[in-house]
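Chemist: Contents of data23.csv (CSV, C-alpha atoms and all ligand atoms):
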```
chain,number,residue,atom,x,y,z
A,198,MET,CA,-11.2,-13.8,1.9
A,199,ALA,CA,-8.1,-12.1,3.4
A,200,PRO,CA,-6.9,-9.0,1.4
A,201,ARG,CA,-3.9,-9.4,-0.9
A,202,PRO,CA,-0.8,-8.8,1.2
A,203,LEU,CA,1.4,-5.7,0.6
A,204,VAL,CA,5.1,-5.6,1.3
A,205,ALA,CA,6.4,-2.1,1.3
A,206,GLY,CA,10.1,-1.1,1.4
A,207,ASN,CA,10.8,2.1,3.2
A,208,TRP,CA,14.3,3.2,2.0
A,209,LYS,CA,14.3,6.2,4.4
A,210,MET,CA,17.1,8.7,3.6
A,211,ASN,CA,19.3,6.2,1.8
A,212,GLY,CA,20.6,5.7,-1.7
A,213,SER,CA,21.8,7.4,-4.8
A,214,ARG,CA,20.6,7.3,-8.4
A,215,GLN,CA,23.2,4.6,-9.1
A,216,SER,CA,22.2,2.5,-6.1
A,217,THR,CA,18.6,2.9,-7.0
A,218,ARG,CA,19.2,1.4,-10.5
A,219,ALA,CA,21.2,-1.4,-9.0
A,220,LEU,CA,18.6,-2.3,-6.3
A,221,VAL,CA,15.8,-2.3,-8.8
A,222,ALA,CA,17.8,-4.5,-11.1
A,223,ALA,CA,18.5,-6.9,-8.2
A,224,LEU,CA,14.8,-7.0,-7.3
A,225,LYS,CA,13.9,-7.7,-10.9
A,226,GLU,CA,16.3,-10.6,-10.9
A,227,ALA,CA,15.0,-11.9,-7.5
A,228,ALA,CA,11.4,-11.8,-8.8
A,229,THR,CA,11.6,-14.9,-10.9
A,230,GLN,CA,8.0,-15.8,-10.2
A,231,PRO,CA,5.0,-13.5,-9.7
A,232,SER,CA,4.5,-13.0,-6.0
A,233,ARG,CA,1.2,-13.3,-4.2
A,234,ALA,CA,2.0,-10.1,-2.4
A,235,GLU,CA,1.8,-6.7,-3.9
A,236,VAL,CA,5.3,-5.2,-3.7
A,237,LEU,CA,6.1,-1.5,-3.2
A,238,ILE,CA,9.3,0.5,-2.8
A,239,CYS,CA,9.4,3.9,-1.3
A,240,PRO,CA,12.7,5.7,-2.1
A,241,PRO,CA,13.5,9.2,-0.9
A,242,THR,CA,11.9,11.9,-3.0
A,243,PRO,CA,15.0,12.9,-5.1
A,244,LEU,CA,15.2,9.3,-6.3
A,245,LEU,CA,11.6,8.8,-7.2
A,246,ALA,CA,12.0,9.7,-10.9
A,247,GLU,CA,15.1,7.4,-11.3
A,248,ALA,CA,13.1,4.6,-9.6
A,249,ALA,CA,10.0,5.2,-11.7
A,250,ASP,CA,12.2,4.8,-14.8
A,251,ALA,CA,14.0,1.7,-13.6
A,252,LEU,CA,10.7,0.1,-12.5
A,253,GLU,CA,9.2,0.3,-16.0
A,254,GLY,CA,7.6,-3.2,-16.6
A,255,VAL,CA,9.0,-4.7,-13.4
A,256,GLY,CA,5.7,-5.2,-11.6
A,257,ILE,CA,6.8,-3.4,-8.4
A,258,GLU,CA,4.9,-0.2,-7.4
A,259,LEU,CA,6.4,3.1,-6.4
A,260,GLY,CA,5.6,5.1,-3.3
A,261,ALA,CA,6.9,8.1,-1.4
A,262,GLN,CA,7.7,8.6,2.2
A,263,ASP,CA,5.7,11.7,3.0
A,264,CYS,CA,3.6,14.5,1.4
A,265,HIS,CA,2.3,17.9,2.4
A,266,ALA,CA,-1.3,18.4,3.0
A,267,ALA,CA,-1.7,21.2,0.5
A,268,ALA,CA,-1.8,20.7,-3.3
A,269,GLY,CA,0.7,23.5,-3.9
A,270,GLY,CA,1.8,26.9,-2.7
A,271,ALA,CA,4.3,28.5,-0.4
A,272,HIS,CA,5.7,25.5,1.4
A,273,THR,CA,9.5,25.5,0.9
A,274,GLY,CA,11.0,22.1,0.7
A,275,ASP,CA,7.7,20.3,0.8
A,276,VAL,CA,6.2,18.0,-1.8
A,277,ALA,CA,2.5,17.8,-2.8
A,278,ALA,CA,0.7,14.5,-3.2
A,279,GLU,CA,-0.2,15.6,-6.7
A,280,MET,CA,3.5,15.9,-7.6
A,281,LEU,CA,4.1,12.3,-6.3
A,282,ALA,CA,1.2,11.0,-8.4
A,283,ASP,CA,2.7,12.9,-11.4
A,284,LEU,CA,6.0,11.1,-10.8
A,285,GLY,CA,4.3,7.7,-11.0
A,286,CYS,CA,3.7,7.0,-7.3
A,287,SER,CA,0.6,5.0,-6.3
A,288,TYR,CA,1.3,5.1,-2.5
A,289,VAL,CA,2.6,7.5,0.1
A,290,ILE,CA,3.6,6.7,3.7
A,291,VAL,CA,2.2,9.2,6.2
A,292,GLY,CA,2.8,9.5,9.9
A,293,HIS,CA,5.9,7.4,10.1
A,294,SER,CA,7.2,7.6,13.7
A,295,GLU,CA,10.4,9.2,12.5
A,296,ARG,CA,8.3,12.1,11.0
A,297,ARG,CA,6.1,12.2,14.1
A,298,THR,CA,9.3,12.5,16.2
A,299,ASP,CA,11.6,14.6,13.9
A,300,HIS,CA,8.9,16.9,12.7
A,301,GLY,CA,6.4,16.9,15.5
A,302,GLU,CA,3.6,15.5,13.3
A,303,SER,CA,0.3,15.1,15.2
A,304,ASP,CA,-2.5,12.8,14.4
A,305,THR,CA,-4.3,15.8,12.9
A,306,VAL,CA,-1.4,16.6,10.6
A,307,VAL,CA,-1.2,12.9,9.6
A,308,ARG,CA,-4.9,12.8,8.8
A,309,ALA,CA,-4.6,15.9,6.6
A,310,LYS,CA,-1.7,14.3,4.7
A,311,ALA,CA,-3.8,11.1,4.2
A,312,GLU,CA,-6.6,13.3,2.9
A,313,ALA,CA,-4.1,14.9,0.5
A,314,ALA,CA,-3.0,11.5,-0.7
A,315,HIS,CA,-6.7,10.5,-1.4
A,316,ARG,CA,-7.3,13.8,-3.2
A,317,ALA,CA,-4.3,12.9,-5.5
A,318,ASP,CA,-5.6,9.4,-6.0
A,319,LEU,CA,-2.8,7.9,-4.0
A,320,SER,CA,-3.2,5.2,-1.3
A,321,ALA,CA,-2.0,6.4,2.1
A,322,ILE,CA,0.0,4.0,4.3
A,323,VAL,CA,-0.9,5.5,7.7
A,324,CYS,CA,1.7,4.5,10.4
A,325,LEU,CA,1.1,4.3,14.1
A,326,GLY,CA,2.7,2.6,17.1
A,327,GLU,CA,3.5,3.0,20.7
A,328,THR,CA,6.8,4.1,22.3
A,329,GLU,CA,8.6,1.8,24.7
A,330,VAL,CA,7.5,4.0,27.7
A,331,GLU,CA,3.9,3.6,26.6
A,332,ARG,CA,4.3,-0.1,26.2
A,333,ASP,CA,5.8,-0.4,29.7
A,334,ALA,CA,2.9,1.6,31.1
A,335,ASP,CA,0.5,-0.9,29.5
A,336,GLU,CA,-0.9,1.8,27.2
A,337,THR,CA,-0.3,0.2,23.8
A,338,LEU,CA,-3.9,-0.5,22.9
A,339,ALA,CA,-5.1,2.9,24.0
A,340,VAL,CA,-2.3,4.7,22.1
A,341,VAL,CA,-2.8,2.8,18.8
A,342,GLY,CA,-6.6,3.2,19.1
A,343,ARG,CA,-6.2,6.9,19.6
A,344,GLN,CA,-3.8,7.3,16.7
A,345,LEU,CA,-6.0,5.2,14.5
A,346,ALA,CA,-9.1,7.4,15.3
A,347,GLY,CA,-7.1,10.6,14.9
A,348,SER,CA,-5.1,9.8,11.8
A,349,LEU,CA,-7.6,8.1,9.5
A,350,PRO,CA,-9.8,10.4,7.5
A,351,GLU,CA,-13.5,9.9,7.2
A,352,GLY,CA,-13.0,9.0,3.5
A,353,ALA,CA,-10.7,6.1,4.2
A,354,THR,CA,-11.5,2.9,2.4
A,355,PRO,CA,-9.7,-0.4,2.1
A,356,GLU,CA,-8.7,0.7,-1.5
A,357,ASN,CA,-7.2,4.1,-0.5
A,358,THR,CA,-5.8,3.4,2.9
A,359,VAL,CA,-3.4,0.9,4.5
A,360,VAL,CA,-2.6,0.9,8.2
A,361,ALA,CA,0.9,0.0,9.4
A,362,TYR,CA,1.4,-0.9,13.0
A,363,GLU,CA,5.0,-0.1,13.9
A,364,PRO,CA,6.1,-0.1,17.6
A,365,VAL,CA,8.5,2.8,17.8
A,366,TRP,CA,10.9,0.7,19.9
A,367,ALA,CA,11.1,-2.0,17.3
A,368,ILE,CA,12.1,0.2,14.4
A,369,GLY,CA,15.7,-0.3,13.4
A,370,THR,CA,16.5,-1.9,16.7
A,371,GLY,CA,16.5,-5.6,15.9
A,372,ARG,CA,13.8,-6.1,18.6
A,373,THR,CA,10.3,-7.1,17.8
A,374,PRO,CA,7.2,-7.8,19.9
A,375,ASN,CA,6.4,-11.5,20.2
A,376,GLU,CA,3.8,-13.1,17.9
A,377,GLY,CA,1.1,-12.9,20.6
A,378,GLU,CA,1.8,-9.3,21.2
A,379,ILE,CA,1.6,-8.4,17.5
A,380,SER,CA,-1.7,-10.4,17.2
A,381,VAL,CA,-3.3,-8.6,20.1
A,382,VAL,CA,-2.6,-5.2,18.6
A,383,HIS,CA,-3.7,-6.2,15.1
A,384,ARG,CA,-6.9,-7.7,16.5
A,385,GLU,CA,-7.6,-4.4,18.3
A,386,LEU,CA,-7.0,-2.4,15.1
A,387,ARG,CA,-9.2,-4.7,13.2
A,388,ASP,CA,-12.0,-4.4,15.7
A,389,ARG,CA,-11.7,-0.6,15.7
A,390,LEU,CA,-11.8,-0.5,11.9
A,391,VAL,CA,-14.9,-2.6,11.9
A,392,GLU,CA,-16.5,-0.4,14.6
A,393,ARG,CA,-15.9,2.7,12.5
A,394,PHE,CA,-16.2,1.5,8.9
A,395,GLY,CA,-18.6,-1.5,9.3
A,396,ASP,CA,-17.9,-4.6,7.2
A,397,ALA,CA,-15.4,-2.6,5.0
A,398,GLY,CA,-13.2,-2.5,8.1
A,399,ARG,CA,-12.3,-6.2,7.6
A,400,ASP,CA,-10.8,-5.4,4.2
A,401,PHE,CA,-8.3,-2.8,5.2
A,402,ARG,CA,-4.7,-4.1,5.0
A,403,LEU,CA,-2.9,-4.1,8.3
A,404,LEU,CA,0.9,-4.2,7.9
A,405,TYR,CA,3.3,-4.9,10.7
A,406,GLY,CA,6.6,-3.0,10.7
A,407,GLY,CA,9.6,-3.0,13.0
A,408,SER,CA,12.8,-5.1,12.5
A,409,VAL,CA,11.2,-7.5,10.0
A,410,LYS,CA,14.0,-9.7,8.6
A,411,PRO,CA,14.1,-12.8,6.4
A,412,ASP,CA,14.4,-15.0,9.5
A,413,ASN,CA,11.3,-13.7,11.4
A,414,ALA,CA,9.1,-12.8,8.4
A,415,VAL,CA,7.3,-16.2,8.0
A,416,ALA,CA,6.3,-16.3,11.6
A,417,ILE,CA,5.0,-12.7,11.5
A,418,MET,CA,3.4,-12.7,8.1
A,419,LYS,CA,1.3,-15.8,8.9
A,420,LEU,CA,-0.4,-14.2,11.8
A,421,ARG,CA,-4.1,-13.5,11.5
A,422,ASN,CA,-4.8,-9.8,10.7
A,423,VAL,CA,-1.3,-9.3,9.5
A,424,ASP,CA,-1.7,-8.4,5.8
A,425,GLY,CA,2.0,-7.7,4.9
A,426,GLY,CA,4.8,-5.6,6.2
A,427,LEU,CA,6.5,-2.2,6.1
A,428,ILE,CA,10.1,-3.0,5.9
A,429,GLY,CA,13.0,-0.5,6.6
A,430,GLY,CA,16.6,-1.7,6.8
A,431,ALA,CA,15.9,-5.1,5.1
A,432,SER,CA,14.4,-3.3,2.1
A,433,LEU,CA,17.8,-2.0,1.1
A,434,LYS,CA,19.1,-5.3,-0.1
A,435,ALA,CA,17.3,-7.5,-2.6
A,436,GLU,CA,18.6,-10.6,-0.8
A,437,ASP,CA,16.9,-9.5,2.4
A,438,PHE,CA,13.8,-7.9,0.9
A,439,TRP,CA,12.7,-10.6,-1.5
A,440,PRO,CA,12.5,-13.5,1.1
A,441,ILE,CA,10.2,-11.3,3.0
A,442,VAL,CA,8.0,-10.8,-0.1
A,443,GLU,CA,8.0,-14.6,-0.5
A,444,ALA,CA,7.1,-15.1,3.2
A,445,CYS,CA,3.7,-13.6,2.3
B,1,LIG,C1,10.4,1.4,9.2
B,1,LIG,O1,11.2,2.3,9.1
B,1,LIG,O2,9.3,1.6,8.8
B,1,LIG,C2,10.9,0.1,9.7
B,1,LIG,C3,10.0,-0.8,9.9
B,1,LIG,O3,12.3,0.0,9.8
B,1,LIG,P1,13.1,-1.4,10.2
B,1,LIG,O4,12.5,-2.5,9.3
B,1,LIG,O5,14.5,-1.1,9.9
B,1,LIG,O6,12.8,-1.6,11.6
```
Once more with this new file: its structure as structure tokens, please.
Ligand code: PEP
Modeler:
Amino acid sequence: MAPRPLVAGNWKMNGSRQSTRALVAALKEAATQPSRAEVLICPPTPLLAEAADALEGVGIELGAQDCHAAAGGAHTGDVAAEMLADLGCSYVIVGHSERRTDHGESDTVVRAKAEAAHRADLSAIVCLGETEVERDADETLAVVGRQLAGSLPEGATPENTVVAYEPVWAIGTGRTPNEGEISVVHRELRDRLVERFGDAGRDFRLLYGGSVKPDNAVAIMKLRNVDGGLIGGASLKAEDFWPIVEAC
């Protein structure tokens, strides 16, 4: 049986306490029926407490956008996975391409962050994806295979780890790979997961992310080996986000 889909909203560095309240209220209103998909929002760190409070009894989970590998100590400006768990998070995104680019995060760093998430009983959403240059050079499958091998810890299980395929050139651009191209990459990821984790590899959720909108969500979410989406821009408005949840 296919795993339960997950639709995760990555708010990135957007929002205020007031807009967080308003967006959660709008999501609550949109969620008139229980969804088949598990739904998650990932606000920026300073808004997590506000979101946790607003989400009380709403049936939407809370996640963060990053964590440090260490459980505490002299890491100015960083946040430990344990602190996120304490705030009510159940997920944390690690290795988003914006962090890999802006903060030079390597697969080794991403793997350590995923391990930290597991140590704190959080599920890690491990992001990977090729750049446009890599795609044009026909290196997509090699790149995502290398990132998957390097970023997933040994202790990864379908319960504590979600993999998000996000082509870097599709994030925030309005461009997406076609359905065949998405299928090829997700199939490759699935095969590699099964190779490494045996039968459990079939149960890891594989999200697609990169310019998912209400008008392309049904076509993408119905693809084999696509078990939900990681949604950026469209997660900032309930009227865009909820139709994507319903597409699952
Ligand atoms: C993202 O940031 O993870 C993302 C997929 O962004 P967008 O949906 O805006 O392309």
Chemist: From the options A:Gly395, A:Pro411, A:Gly369, A:Pro350, which residue's atoms come nearest to ligand LIG 1 (chain B), counting all atoms listed in the file?
Modeler: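 Of the candidates, the smallest distance to ligand LIG 1 (chain B) is held by A:Gly369.
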Chemist: Nearest to ligand LIG 1 (chain B): which of A:Ile257, A:Val323, A:Ala271, A:Val341 is it, counting all atoms listed in the file?
Modeler: A:Val323
Chemist: Hey, what's within 9 Å of range 424-441 of chain A if we count only C-alpha atoms and toss same-chain stuff fewer than 2 positions away? As an MDAnalysis selection string, please?
Modeler: chainID A and resid 199:209 211:212 220:221 223:228 234:235 238 361:363 368:369 401:415 417:422 443:445
Chemist: Which polymer residues have any atom within 12 Å of an atom of Met280 in chain A, counting all atoms listed in the file, with same-chain residues fewer than 5 positions away left out, as a VMD selection string?
Modeler: chain A and resid 242 245 to 246 260 to 261 263 to 269 275 285 to 287 289 313 to 314 316 to 319
Chemist: Once you have the residues from the selection above, write them out as a PDB file, in the coordinates of the input, restricted to C-alpha atoms.
Modeler:
```pdb
ATOM      1  CA  THR A 242      11.900  11.900  -3.000  1.00  0.00           C
ATOM      2  CA  LEU A 245      11.600   8.800  -7.200  1.00  0.00           C
ATOM      3  CA  ALA A 246      12.000   9.700 -10.900  1.00  0.00           C
ATOM      4  CA  GLY A 260       5.600   5.100  -3.300  1.00  0.00           C
ATOM      5  CA  ALA A 261       6.900   8.100  -1.400  1.00  0.00           C
ATOM      6  CA  ASP A 263       5.700  11.700   3.000  1.00  0.00           C
ATOM      7  CA  CYS A 264       3.600  14.500   1.400  1.00  0.00           C
ATOM      8  CA  HIS A 265       2.300  17.900   2.400  1.00  0.00           C
ATOM      9  CA  ALA A 266      -1.300  18.400   3.000  1.00  0.00           C
ATOM     10  CA  ALA A 267      -1.700  21.200   0.500  1.00  0.00           C
ATOM     11  CA  ALA A 268      -1.800  20.700  -3.300  1.00  0.00           C
ATOM     12  CA  GLY A 269       0.700  23.500  -3.900  1.00  0.00           C
ATOM     13  CA  ASP A 275       7.700  20.300   0.800  1.00  0.00           C
ATOM     14  CA  GLY A 285       4.300   7.700 -11.000  1.00  0.00           C
ATOM     15  CA  CYS A 286       3.700   7.000  -7.300  1.00  0.00           C
ATOM     16  CA  SER A 287       0.600   5.000  -6.300  1.00  0.00           C
ATOM     17  CA  VAL A 289       2.600   7.500   0.100  1.00  0.00           C
ATOM     18  CA  ALA A 313      -4.100  14.900   0.500  1.00  0.00           C
ATOM     19  CA  ALA A 314      -3.000  11.500  -0.700  1.00  0.00           C
ATOM     20  CA  ARG A 316      -7.300  13.800  -3.200  1.00  0.00           C
ATOM     21  CA  ALA A 317      -4.300  12.900  -5.500  1.00  0.00           C
ATOM     22  CA  ASP A 318      -5.600   9.400  -6.000  1.00  0.00           C
ATOM     23  CA  LEU A 319      -2.800   7.900  -4.000  1.00  0.00           C
TER      24      LEU A 319
END
```
Chemist: Please measure the separation of CA of Glu258 in chain A and CA of Leu237 in chain A, giving the value in Å to one decimal.
Modeler: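 Taking CA of Glu258 in chain A as the start and CA of Leu237 in chain A as the end point, the length is 4.6 Å.
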Chemist: Using all atoms listed in the file, find the one residue out of A:Val423, A:Leu252, A:Thr217, A:Leu325 that sits nearest to Glu376 in chain A.
Modeler: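 Ranking A:Val423, A:Leu252, A:Thr217, A:Leu325 by distance to Glu376 in chain A, first place goes to A:Val423.
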Chemist: Find the spatial neighbours of Gly352 in chain A, counting only C-alpha atoms, within a cut-off of 12 Å - ignore same-chain residues fewer than 6 positions away - and output them as a list of chain:residue names.
Modeler: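 Residues near the query, excluding close chain neighbours: A:Arg308, A:Ala309, A:Ala311, A:Glu312, A:Ala313, A:Ala314, A:His315, A:Arg316, A:Ser320, A:Ala321, A:Thr358, A:Arg393, A:Phe394, A:Ala397.
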Chemist: For the residues selected in the previous step, produce a file with C-alpha atoms as a PDB file, in the frame of the given file.
Modeler:
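Full text of again-v8.pdb as output:
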```
ATOM      1  CA  ARG A 308      -4.900  12.800   8.800  1.00  0.00           C
ATOM      2  CA  ALA A 309      -4.600  15.900   6.600  1.00  0.00           C
ATOM      3  CA  ALA A 311      -3.800  11.100   4.200  1.00  0.00           C
ATOM      4  CA  GLU A 312      -6.600  13.300   2.900  1.00  0.00           C
ATOM      5  CA  ALA A 313      -4.100  14.900   0.500  1.00  0.00           C
ATOM      6  CA  ALA A 314      -3.000  11.500  -0.700  1.00  0.00           C
ATOM      7  CA  HIS A 315      -6.700  10.500  -1.400  1.00  0.00           C
ATOM      8  CA  ARG A 316      -7.300  13.800  -3.200  1.00  0.00           C
ATOM      9  CA  SER A 320      -3.200   5.200  -1.300  1.00  0.00           C
ATOM     10  CA  ALA A 321      -2.000   6.400   2.100  1.00  0.00           C
ATOM     11  CA  THR A 358      -5.800   3.400   2.900  1.00  0.00           C
ATOM     12  CA  ARG A 393     -15.900   2.700  12.500  1.00  0.00           C
ATOM     13  CA  PHE A 394     -16.200   1.500   8.900  1.00  0.00           C
ATOM     14  CA  ALA A 397     -15.400  -2.600   5.000  1.00  0.00           C
TER      15      ALA A 397
END
```
Chemist: Considering only C-alpha atoms and all ligand atoms, state which residue in the set A:Ile379, A:Ala219, A:Met210, A:Met198 is at the smallest distance from ligand LIG 1 (chain B).
Modeler: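 Looking only at the distances to ligand LIG 1 (chain B), the closest residue turns out to be A:Met210.
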